[in-house]
$ cat my_file-v3.txt   # compact mmCIF, C-alpha atoms
# COMPACT_ATOMS: atom_id res chain seq x y z
CA MET A 21 34.69 146.19 89.55
CA PRO A 22 32.90 144.30 92.36
CA ALA A 23 29.11 144.43 92.23
CA ILE A 24 29.03 145.04 96.00
CA GLU A 25 31.93 146.34 98.06
CA ALA A 26 32.48 147.43 101.66
CA ARG A 27 35.66 149.09 102.86
CA ARG A 28 36.24 149.47 106.60
CA LEU A 29 32.47 149.73 107.02
CA ARG A 30 31.48 150.69 110.54
CA LYS A 31 28.15 151.42 112.20
CA THR A 32 27.50 152.41 115.80
CA TYR A 33 24.25 153.19 117.58
CA LYS A 34 24.07 155.64 120.48
CA THR A 35 21.32 155.14 123.03
CA THR A 36 20.65 155.48 126.76
CA ARG A 37 19.76 153.05 129.52
CA GLY A 38 18.54 153.31 133.08
CA VAL A 39 15.41 154.84 134.59
CA PHE A 40 16.50 157.35 137.21
CA ARG A 41 20.12 157.81 136.15
CA ARG A 42 20.31 157.87 132.37
CA GLU A 43 23.55 156.49 131.01
CA LYS A 44 24.73 156.94 127.43
CA VAL A 45 25.61 153.68 125.69
CA GLU A 46 27.28 153.10 122.34
CA ARG A 47 26.60 149.81 120.59
CA VAL A 48 28.79 148.75 117.70
CA ALA A 49 26.89 146.90 114.97
CA LEU A 50 29.66 146.73 112.33
CA ARG A 51 33.38 146.86 113.13
CA GLY A 52 35.29 147.86 110.01
CA VAL A 53 33.88 145.25 107.59
CA ASP A 54 35.74 144.64 104.30
CA LEU A 55 33.84 142.75 101.61
CA ALA A 56 33.87 142.34 97.82
CA ILE A 57 31.18 140.46 95.85
CA GLU A 58 31.56 139.79 92.15
CA PRO A 59 28.83 140.39 89.52
CA GLY A 60 26.50 137.42 89.09
CA GLU A 61 27.48 135.89 92.43
CA LEU A 62 25.03 134.52 94.97
CA PHE A 63 26.65 135.57 98.24
CA GLY A 64 25.33 134.46 101.63
CA VAL A 65 25.92 136.06 105.03
CA LEU A 66 25.48 133.88 108.11
CA GLY A 67 25.46 135.01 111.71
CA PRO A 68 23.46 134.99 114.96
CA ASN A 69 20.86 137.61 115.86
CA GLY A 70 22.49 140.99 116.41
CA ALA A 71 25.64 140.10 114.46
CA GLY A 72 25.15 142.92 111.94
CA LYS A 73 23.55 141.16 108.94
CA THR A 74 20.50 143.40 108.63
CA THR A 75 22.52 146.52 109.40
CA MET A 76 24.87 145.72 106.51
CA THR A 77 21.93 145.06 104.19
CA LYS A 78 20.27 148.36 105.09
CA ILE A 79 23.47 150.30 104.44
CA PHE A 80 23.92 148.72 100.99
CA THR A 81 20.27 149.47 100.13
CA THR A 82 20.59 153.15 101.22
CA LEU A 83 18.16 152.70 104.14
CA LEU A 84 20.81 153.38 106.79
CA LEU A 85 23.85 155.65 106.91
CA PRO A 86 27.19 154.14 108.01
CA THR A 87 29.16 155.77 110.79
CA SER A 88 32.37 155.52 108.77
CA GLY A 89 33.89 153.61 105.88
CA ALA A 90 32.47 153.17 102.39
CA ALA A 91 29.76 151.00 100.81
CA THR A 92 29.40 150.83 97.04
CA VAL A 93 27.00 148.89 94.83
CA LEU A 94 27.54 148.77 91.05
CA GLY A 95 30.22 151.41 91.53
CA LEU A 96 27.73 153.83 93.14
CA ASP A 97 28.25 155.16 96.65
CA ALA A 98 25.41 154.08 98.96
CA VAL A 99 25.53 157.46 100.73
CA HIS A 100 26.11 160.00 97.96
CA ASP A 101 24.46 158.24 94.99
CA GLN A 102 21.27 157.05 96.69
CA TRP A 103 18.75 157.90 93.98
CA ALA A 104 20.81 156.52 91.12
CA LEU A 105 21.47 153.34 93.11
CA ARG A 106 17.86 152.70 94.12
CA ARG A 107 16.81 152.48 90.48
CA ARG A 108 19.21 149.59 89.90
CA ILE A 109 18.68 147.41 92.99
CA GLY A 110 15.86 145.46 94.60
CA PHE A 111 15.49 144.27 98.18
CA VAL A 112 13.26 141.89 100.11
CA PHE A 113 13.12 141.79 103.89
CA GLY A 114 11.73 138.77 105.73
CA GLY A 115 8.41 139.03 107.54
CA ASP A 116 5.06 140.56 106.68
CA ARG A 117 5.99 144.23 106.44
CA GLY A 118 6.16 146.10 103.16
CA LEU A 119 2.82 145.12 101.62
CA TYR A 120 -0.66 146.68 101.77
CA TRP A 121 -2.88 143.91 103.04
CA ARG A 122 -6.22 145.49 102.07
CA LEU A 123 -5.10 145.78 98.43
CA SER A 124 -4.86 142.90 96.01
CA GLY A 125 -1.50 141.47 94.99
CA LEU A 126 -1.95 143.06 91.56
CA ASP A 127 -2.71 146.50 93.02
CA ASN A 128 0.34 146.22 95.29
CA LEU A 129 2.59 145.59 92.31
CA ARG A 130 1.00 148.39 90.28
CA TYR A 131 1.50 150.80 93.16
CA PHE A 132 5.17 149.92 93.63
CA ALA A 133 5.72 150.04 89.86
CA ASP A 134 4.48 153.64 89.93
CA LEU A 135 6.87 154.43 92.80
CA TYR A 136 9.73 153.08 90.69
CA ARG A 137 8.44 155.20 87.76
CA ILE A 138 8.37 152.17 85.50
CA PRO A 139 6.74 153.05 82.16
CA PRO A 140 3.14 151.73 81.88
CA GLU A 141 3.91 149.74 78.72
CA VAL A 142 6.67 147.90 80.62
CA THR A 143 4.47 147.37 83.69
CA ARG A 144 1.69 145.75 81.63
CA LYS A 145 4.11 143.07 80.44
CA ARG A 146 6.35 142.65 83.49
CA ILE A 147 3.73 142.22 86.21
CA PRO A 148 1.91 139.26 84.55
CA ALA A 149 5.27 137.65 83.83
CA LEU A 150 6.33 137.95 87.49
CA LEU A 151 2.98 136.66 88.74
CA GLU A 152 3.29 133.63 86.47
CA ARG A 153 6.93 133.00 87.36
CA LEU A 154 6.30 133.18 91.12
CA GLY A 155 3.16 131.06 91.13
CA LEU A 156 0.71 133.85 91.94
CA ALA A 157 -1.20 133.87 88.65
CA GLY A 158 -4.88 133.32 89.33
CA ARG A 159 -4.68 134.83 92.83
CA GLU A 160 -3.43 138.28 91.87
CA ARG A 161 -6.87 139.90 92.40
CA ASP A 162 -7.25 138.49 95.94
CA ARG A 163 -6.48 140.79 98.84
CA VAL A 164 -3.05 140.18 100.36
CA GLU A 165 -4.58 139.54 103.80
CA LEU A 166 -6.01 136.32 102.32
CA TYR A 167 -2.59 135.10 101.15
CA SER A 168 -0.62 132.41 102.94
CA ARG A 169 2.78 133.25 104.43
CA GLY A 170 4.53 131.72 101.42
CA MET A 171 2.38 133.65 98.94
CA LYS A 172 3.12 136.92 100.74
CA GLN A 173 6.83 136.19 100.55
CA ARG A 174 6.59 135.43 96.84
CA LEU A 175 4.76 138.73 96.38
CA HIS A 176 7.61 140.43 98.29
CA LEU A 177 10.02 138.89 95.79
CA ALA A 178 7.87 140.04 92.86
CA ARG A 179 7.95 143.57 94.27
CA GLY A 180 11.73 143.38 94.59
CA LEU A 181 12.02 142.31 90.94
CA LEU A 182 9.67 144.93 89.49
CA ASN A 183 12.44 147.24 88.33
CA ASP A 184 14.48 144.33 86.90
CA PRO A 185 17.35 145.02 89.34
CA GLU A 186 20.97 144.21 88.63
CA VAL A 187 21.54 143.45 92.33
CA LEU A 188 18.97 141.84 94.62
CA PHE A 189 19.23 141.99 98.43
CA LEU A 190 17.36 139.30 100.38
CA ASP A 191 17.27 139.57 104.18
CA GLU A 192 16.21 136.17 105.59
CA PRO A 193 13.59 135.63 102.85
CA THR A 194 12.60 132.10 103.91
CA ILE A 195 12.11 132.80 107.61
CA GLY A 196 8.79 131.40 108.82
CA LEU A 197 8.03 129.57 105.57
CA ASP A 198 7.02 125.91 105.48
CA PRO A 199 9.62 123.52 104.00
CA VAL A 200 7.91 123.35 100.59
CA GLY A 201 7.55 127.12 100.29
CA ALA A 202 11.14 127.68 101.42
CA ARG A 203 12.44 125.14 98.88
CA GLU A 204 10.50 126.80 96.05
CA LEU A 205 11.87 130.21 96.99
CA ARG A 206 15.44 128.88 97.12
CA VAL A 207 15.05 127.42 93.61
CA ILE A 208 13.84 130.79 92.31
CA VAL A 209 16.72 132.66 93.97
CA ARG A 210 19.29 130.26 92.51
CA GLU A 211 17.75 130.66 89.06
CA LEU A 212 17.98 134.45 89.36
CA ALA A 213 21.70 134.18 90.10
CA ASP A 214 22.20 131.74 87.23
CA ALA A 215 20.50 134.29 84.96
CA GLY A 216 23.18 136.84 85.84
CA LYS A 217 21.77 138.80 88.77
CA THR A 218 23.97 139.47 91.79
CA VAL A 219 22.21 138.24 94.94
CA PHE A 220 23.10 139.23 98.51
CA LEU A 221 21.40 136.80 100.91
CA THR A 222 21.32 136.79 104.71
CA THR A 223 20.04 133.65 106.40
CA HIS A 224 20.03 131.64 109.62
CA TYR A 225 19.75 128.33 107.79
CA MET A 226 23.07 126.59 107.21
CA PHE A 227 21.70 124.04 104.73
CA GLU A 228 20.20 126.90 102.72
CA ALA A 229 23.56 128.66 102.35
CA ASP A 230 25.29 125.35 101.63
CA ALA A 231 22.77 124.43 98.93
CA ILE A 232 22.55 127.61 96.85
CA CYS A 233 25.35 130.08 97.68
CA ASP A 234 28.51 130.48 95.61
CA ARG A 235 30.35 132.03 98.54
CA ILE A 236 29.46 132.84 102.13
CA ALA A 237 30.71 135.02 104.96
CA VAL A 238 30.23 134.30 108.66
CA ILE A 239 29.76 137.43 110.78
CA LYS A 240 30.04 137.62 114.56
CA GLY A 241 29.79 140.75 116.68
CA GLY A 242 29.98 142.99 113.62
CA GLU A 243 33.12 141.35 112.25
CA ILE A 244 33.57 138.81 109.45
CA VAL A 245 35.29 135.78 110.99
CA ALA A 246 35.33 133.57 107.87
CA GLU A 247 34.72 133.97 104.14
CA GLY A 248 34.84 131.60 101.17
CA THR A 249 32.95 128.84 99.42
CA PRO A 250 30.84 126.50 101.57
CA SER A 251 33.44 123.78 100.98
CA SER A 252 36.31 125.98 102.14
CA ILE A 253 34.38 127.04 105.25
CA LYS A 254 33.87 123.37 106.12
CA LYS A 255 37.64 122.93 106.21
CA VAL A 256 37.56 124.69 109.57
CA VAL A 257 36.36 121.36 110.97
CA GLN A 258 37.83 118.98 108.39
CA ASP A 259 40.04 117.32 111.02
CA GLN A 260 37.09 116.74 113.32
CA GLY A 261 34.19 114.38 113.64
CA VAL A 262 30.84 114.73 115.38
CA VAL A 263 29.29 112.51 118.04
CA GLU A 264 25.58 112.94 118.75
CA PHE A 265 23.19 111.32 121.20
CA GLU A 266 19.95 111.97 123.08
CA VAL A 267 19.63 111.98 126.84
CA VAL A 268 17.07 113.07 129.43
CA GLY A 269 18.15 115.56 132.11
CA MET A 270 21.78 116.40 131.36
CA PRO A 271 23.36 117.96 134.52
CA ALA A 272 25.86 120.80 134.06
CA GLU A 273 28.65 118.82 135.74
CA ARG A 274 28.26 116.01 133.20
CA VAL A 275 28.56 118.54 130.34
CA ALA A 276 31.76 119.82 131.95
CA GLY A 277 33.00 116.23 132.09
CA LEU A 278 32.41 115.79 128.37
CA ARG A 279 34.30 119.00 127.61
CA GLY A 280 37.23 117.65 129.58
CA LEU A 281 37.64 114.53 127.43
CA GLN A 282 40.74 114.36 125.26
CA GLY A 283 40.18 115.59 121.74
CA VAL A 284 36.86 117.34 122.46
CA LYS A 285 36.62 120.79 120.84
CA SER A 286 33.10 121.78 121.86
CA VAL A 287 29.89 120.42 123.37
CA ALA A 288 26.43 121.77 122.55
CA VAL A 289 23.24 120.75 124.36
CA VAL A 290 19.89 121.55 122.74
CA ASP A 291 16.43 120.82 124.21
CA HIS A 292 14.39 118.71 121.80
CA GLU A 293 10.85 117.68 122.77
CA LEU A 294 11.19 115.37 125.81
CA ALA A 295 14.96 114.85 125.58
CA GLN A 296 18.15 116.81 125.02
CA VAL A 297 20.35 116.42 121.95
CA VAL A 298 24.06 116.56 122.74
CA THR A 299 26.49 117.32 119.92
CA ILE A 300 30.22 116.84 120.51
CA HIS A 301 32.85 118.11 118.05
CA CYS A 302 36.03 116.13 118.55
CA SER A 303 39.17 114.94 116.79
CA SER A 304 38.58 111.25 117.52
CA PRO A 305 34.89 110.26 117.57
CA ALA A 306 35.62 106.57 118.23
CA ASP A 307 37.63 107.34 121.39
CA VAL A 308 34.98 109.76 122.66
CA MET A 309 32.20 107.23 122.13
CA THR A 310 34.05 104.64 124.23
CA GLN A 311 34.39 107.15 127.08
CA LEU A 312 30.74 108.24 127.14
CA GLY A 313 29.82 105.41 129.49
CA LEU A 314 32.38 106.58 132.07
CA VAL A 315 31.37 110.26 132.05
CA LEU A 316 27.63 109.62 131.81
CA ASP A 317 27.47 106.56 134.08
CA GLY A 318 23.90 105.81 135.15
CA MET A 319 22.30 107.90 132.41
CA SER A 320 20.29 106.39 129.58
CA LEU A 321 21.65 107.37 126.16
CA GLU A 322 19.70 106.97 122.95
CA LYS A 323 20.51 107.34 119.24
CA VAL A 324 24.27 107.48 119.76
CA SER A 325 25.99 108.07 116.41
CA SER A 326 28.97 109.69 114.73
CA ARG A 327 29.08 111.56 111.41
CA GLU A 328 31.12 113.86 109.22
CA PRO A 329 31.01 117.58 110.04
CA THR A 330 28.65 119.89 108.11
CA LEU A 331 28.58 123.62 107.39
CA GLU A 332 26.51 124.03 110.55
CA ASP A 333 29.29 122.40 112.56
CA ALA A 334 31.82 124.81 111.06
CA TYR A 335 29.48 127.69 111.87
CA VAL A 336 29.18 126.59 115.52
CA GLN A 337 32.97 126.31 115.74
CA LEU A 338 33.42 129.82 114.31
CA ILE A 339 30.66 131.55 116.27
CA GLY A 340 31.00 129.69 119.55
CA GLU A 341 28.63 127.51 121.54
CA SER A 342 27.12 130.42 123.48
CA SER A 343 25.82 132.01 120.27
$ encode --input "my_file-v3.txt" --output "structure tokens"
Amino acid sequence: MPAIEARRLRKTYKTTRGVFRREKVERVALRGVDLAIEPGELFGVLGPNGAGKTTMTKIFTTLLLPTSGAATVLGLDAVHDQWALRRRIGFVFGGDRGLYWRLSGLDNLRYFADLYRIPPEVTRKRIPALLERLGLAGRERDRVELYSRGMKQRLHLARGLLNDPEVLFLDEPTIGLDPVGARELRVIVRELADAGKTVFLTTHYMFEADAICDRIAVIKGGEIVAEGTPSSIKKVVQDQGVVEFEVVGMPAERVAGLRGLQGVKSVAVVDHELAQVVTIHCSSPADVMTQLGLVLDGMSLEKVSSREPTLEDAYVQLIGESS
């Protein structure tokens, strides 16, 4: 039995727009998603903002009702078995919400332990162990408002692990963290999966999914467009190379010229400090590099290089440049 399963999962939101003439609008967040995640697997979901990642997470954690289809976790229906399911899962959402800032970290954990109805004799042992494991020992009696962003996120994770869940849902847990804090959190998450917990992770960071996930799914517009191991996802661009360079003031007509070169699959232009970084996915990097001087005649190019494609390159190919 899969630890997490979605069958034709669909979610739509109905709203209105307009000021004087109100018009009803239906927005589709999930379009018949099918998904199966095995026990003990660390599964990552990648996708742009609005793709449906958080909506899917909220349905699995019983915080949102689907419009149609089925979502099961540990064999329990996320709609009809909510109370039984909540006792066996944990979830952590990115950001600062979900903690009481005027209380200490210790009082926060005690409060949530009471909500989970964890026996006091278990709480007295589990909370100190979590504080020690997550690097919060010695600061547990400080008010949460005095914690750094990374400490707050580690306290979020401690809260999510209070009931010793079989399945842990993490919605962009490293967003906003400094590189050191994000790396520490990734190590902890990987260790949890290695210890046998099933982890469902949504993230924007390609290197994060590539480094720690067993399998990943790429979602776009509420639909899964690719699923597999990070290595198998990279095969989407295995016959391509990447050419990158920096330039100042890239006109739109020059970008169109690059897209018209033979073998070019996509061109992405990203503003970076005082220059623009241009990334070209192509089948023959050497040929493209020789033609750059013709298309970009008169422009000063810097840091021109070619490299092998990464998971991020595969993601861009699957999602599209506009996303």
$ atom_distance --input "my_file-v3.txt" --atom1 "CA of Leu316 in chain A" --atom2 "CA of Val284 in chain A"
15.2 Å
$ residues_around --input "my_file-v3.txt" --residues "range 80-94 of chain A" --least-positions-apart "5" --cutoff "9 Å" --atoms "all atoms listed in the file" --output "count of residues only"
31
$ closest_residue --input "my_file-v3.txt" --among "A:Leu119, A:Ile244, A:Leu177, A:Val164" --to "Arg51 in chain A" --atoms "only C-alpha atoms"
A:Ile244
$ closest_residue --input "my_file-v3.txt" --among "A:Pro140, A:Pro329, A:Gly241, A:Gly170" --to "Gly70 in chain A" --atoms "only C-alpha atoms"
A:Gly241
$ residues_around --input "my_file-v3.txt" --residues "Val324 in chain A" --least-positions-apart "6" --cutoff "8 Å" --atoms "only C-alpha atoms" --output "list in words"
Val263, Glu264, Phe265 and Glu266 of chain A
$ atom_distance --input "my_file-v3.txt" --atom1 "CA of Gly283 in chain A" --atom2 "CA of Leu321 in chain A"
20.7 Å
$ residues_near_point --input "my_file-v3.txt" --point "(3.9, 151.7, 90.3)" --cutoff "12 Å" --atoms "all atoms listed in the file" --output "MDAnalysis selection string"
chainID A and resid 126:144 146:147 179 182:183
$ residues_around --input "my_file-v3.txt" --residues "Gly67 in chain A" --least-positions-apart "3" --cutoff "8 Å" --atoms "all atoms listed in the file" --output "list in words"
Ala71, Gly72, Lys73, Thr223, His224, Val238, Ile239, Lys240 and Ile339 of chain A
$ residues_around --input "my_file-v3.txt" --residues "range 151-157 of chain A" --least-positions-apart "5" --cutoff "9 Å" --atoms "all atoms listed in the file" --output "list in words"
Gly125, Leu126, Arg146, Met171, Arg174, Leu175, Leu177, Ala178, Leu205 and Ile208 of chain A
$ atom_distance --input "my_file-v3.txt" --atom1 "CA of Gly118 in chain A" --atom2 "CA of Pro185 in chain A"
17.8 Å
$ decode --input "my_file-v3.txt" --residues "range 153-182 of chain A" --atoms "N, CA and C atoms" --output "PDB file, in the first residue's frame"
ATOM      1  N   ARG A 153      18.085  17.468  19.377  1.00  0.00           N
ATOM      2  CA  ARG A 153      18.316  17.026  17.995  1.00  0.00           C
ATOM      3  C   ARG A 153      18.304  18.194  17.021  1.00  0.00           C
ATOM      4  N   LEU A 154      17.462  19.187  17.260  1.00  0.00           N
ATOM      5  CA  LEU A 154      17.302  20.293  16.316  1.00  0.00           C
ATOM      6  C   LEU A 154      18.107  21.530  16.707  1.00  0.00           C
ATOM      7  N   GLY A 155      19.008  21.376  17.670  1.00  0.00           N
ATOM      8  CA  GLY A 155      19.906  22.472  18.002  1.00  0.00           C
ATOM      9  C   GLY A 155      19.266  23.625  18.734  1.00  0.00           C
ATOM     10  N   LEU A 156      18.194  23.374  19.479  1.00  0.00           N
ATOM     11  CA  LEU A 156      17.513  24.430  20.218  1.00  0.00           C
ATOM     12  C   LEU A 156      17.722  24.316  21.722  1.00  0.00           C
ATOM     13  N   ALA A 157      18.429  23.285  22.163  1.00  0.00           N
ATOM     14  CA  ALA A 157      18.701  23.115  23.585  1.00  0.00           C
ATOM     15  C   ALA A 157      19.520  24.301  24.097  1.00  0.00           C
ATOM     16  N   GLY A 158      19.093  24.852  25.221  1.00  0.00           N
ATOM     17  CA  GLY A 158      19.748  26.027  25.775  1.00  0.00           C
ATOM     18  C   GLY A 158      19.021  27.313  25.434  1.00  0.00           C
ATOM     19  N   ARG A 159      18.171  27.290  24.419  1.00  0.00           N
ATOM     20  CA  ARG A 159      17.384  28.461  24.025  1.00  0.00           C
ATOM     21  C   ARG A 159      15.888  28.198  24.142  1.00  0.00           C
ATOM     22  N   GLU A 160      15.527  27.045  24.695  1.00  0.00           N
ATOM     23  CA  GLU A 160      14.120  26.662  24.719  1.00  0.00           C
ATOM     24  C   GLU A 160      13.265  27.561  25.606  1.00  0.00           C
ATOM     25  N   ARG A 161      13.873  28.267  26.586  1.00  0.00           N
ATOM     26  CA  ARG A 161      13.096  29.120  27.477  1.00  0.00           C
ATOM     27  C   ARG A 161      13.047  30.574  26.992  1.00  0.00           C
ATOM     28  N   ASP A 162      13.704  30.864  25.853  1.00  0.00           N
ATOM     29  CA  ASP A 162      13.607  32.196  25.243  1.00  0.00           C
ATOM     30  C   ASP A 162      12.300  32.316  24.474  1.00  0.00           C
ATOM     31  N   ARG A 163      11.753  33.534  24.447  1.00  0.00           N
ATOM     32  CA  ARG A 163      10.541  33.752  23.669  1.00  0.00           C
ATOM     33  C   ARG A 163      10.850  33.581  22.175  1.00  0.00           C
ATOM     34  N   VAL A 164       9.885  33.073  21.448  1.00  0.00           N
ATOM     35  CA  VAL A 164      10.078  32.780  20.027  1.00  0.00           C
ATOM     36  C   VAL A 164      10.381  34.046  19.242  1.00  0.00           C
ATOM     37  N   GLU A 165       9.855  35.195  19.680  1.00  0.00           N
ATOM     38  CA  GLU A 165      10.100  36.444  18.953  1.00  0.00           C
ATOM     39  C   GLU A 165      11.586  36.818  18.955  1.00  0.00           C
ATOM     40  N   LEU A 166      12.365  36.214  19.853  1.00  0.00           N
ATOM     41  CA  LEU A 166      13.807  36.477  19.898  1.00  0.00           C
ATOM     42  C   LEU A 166      14.592  35.490  19.048  1.00  0.00           C
ATOM     43  N   TYR A 167      13.937  34.506  18.466  1.00  0.00           N
ATOM     44  CA  TYR A 167      14.610  33.494  17.657  1.00  0.00           C
ATOM     45  C   TYR A 167      14.957  34.058  16.275  1.00  0.00           C
ATOM     46  N   SER A 168      16.011  33.525  15.699  1.00  0.00           N
ATOM     47  CA  SER A 168      16.334  33.830  14.300  1.00  0.00           C
ATOM     48  C   SER A 168      15.366  33.074  13.378  1.00  0.00           C
ATOM     49  N   ARG A 169      15.400  33.420  12.107  1.00  0.00           N
ATOM     50  CA  ARG A 169      14.519  32.745  11.140  1.00  0.00           C
ATOM     51  C   ARG A 169      14.793  31.236  11.123  1.00  0.00           C
ATOM     52  N   GLY A 170      16.060  30.861  11.151  1.00  0.00           N
ATOM     53  CA  GLY A 170      16.405  29.447  11.132  1.00  0.00           C
ATOM     54  C   GLY A 170      15.951  28.727  12.384  1.00  0.00           C
ATOM     55  N   MET A 171      16.056  29.374  13.549  1.00  0.00           N
ATOM     56  CA  MET A 171      15.604  28.758  14.791  1.00  0.00           C
ATOM     57  C   MET A 171      14.091  28.560  14.788  1.00  0.00           C
ATOM     58  N   LYS A 172      13.369  29.541  14.269  1.00  0.00           N
ATOM     59  CA  LYS A 172      11.910  29.406  14.176  1.00  0.00           C
ATOM     60  C   LYS A 172      11.534  28.220  13.289  1.00  0.00           C
ATOM     61  N   GLN A 173      12.269  28.055  12.198  1.00  0.00           N
ATOM     62  CA  GLN A 173      11.952  26.957  11.296  1.00  0.00           C
ATOM     63  C   GLN A 173      12.283  25.609  11.932  1.00  0.00           C
ATOM     64  N   ARG A 174      13.356  25.555  12.711  1.00  0.00           N
ATOM     65  CA  ARG A 174      13.663  24.318  13.421  1.00  0.00           C
ATOM     66  C   ARG A 174      12.617  24.018  14.487  1.00  0.00           C
ATOM     67  N   LEU A 175      12.071  25.077  15.102  1.00  0.00           N
ATOM     68  CA  LEU A 175      10.997  24.875  16.071  1.00  0.00           C
ATOM     69  C   LEU A 175       9.730  24.391  15.364  1.00  0.00           C
ATOM     70  N   HIS A 176       9.471  24.904  14.165  1.00  0.00           N
ATOM     71  CA  HIS A 176       8.361  24.389  13.343  1.00  0.00           C
ATOM     72  C   HIS A 176       8.523  22.887  13.133  1.00  0.00           C
ATOM     73  N   LEU A 177       9.746  22.480  12.800  1.00  0.00           N
ATOM     74  CA  LEU A 177       9.996  21.064  12.540  1.00  0.00           C
ATOM     75  C   LEU A 177       9.821  20.241  13.817  1.00  0.00           C
ATOM     76  N   ALA A 178      10.261  20.778  14.946  1.00  0.00           N
ATOM     77  CA  ALA A 178      10.060  20.087  16.220  1.00  0.00           C
ATOM     78  C   ALA A 178       8.574  19.914  16.504  1.00  0.00           C
ATOM     79  N   ARG A 179       7.801  20.944  16.231  1.00  0.00           N
ATOM     80  CA  ARG A 179       6.337  20.843  16.416  1.00  0.00           C
ATOM     81  C   ARG A 179       5.752  19.766  15.519  1.00  0.00           C
ATOM     82  N   GLY A 180       6.237  19.692  14.273  1.00  0.00           N
ATOM     83  CA  GLY A 180       5.726  18.691  13.342  1.00  0.00           C
ATOM     84  C   GLY A 180       6.096  17.268  13.708  1.00  0.00           C
ATOM     85  N   LEU A 181       7.146  17.125  14.554  1.00  0.00           N
ATOM     86  CA  LEU A 181       7.609  15.791  14.943  1.00  0.00           C
ATOM     87  C   LEU A 181       7.138  15.379  16.336  1.00  0.00           C
ATOM     88  N   LEU A 182       6.362  16.239  16.987  1.00  0.00           N
ATOM     89  CA  LEU A 182       5.944  15.975  18.360  1.00  0.00           C
ATOM     90  C   LEU A 182       5.212  14.646  18.518  1.00  0.00           C
TER      91      LEU A 182
END
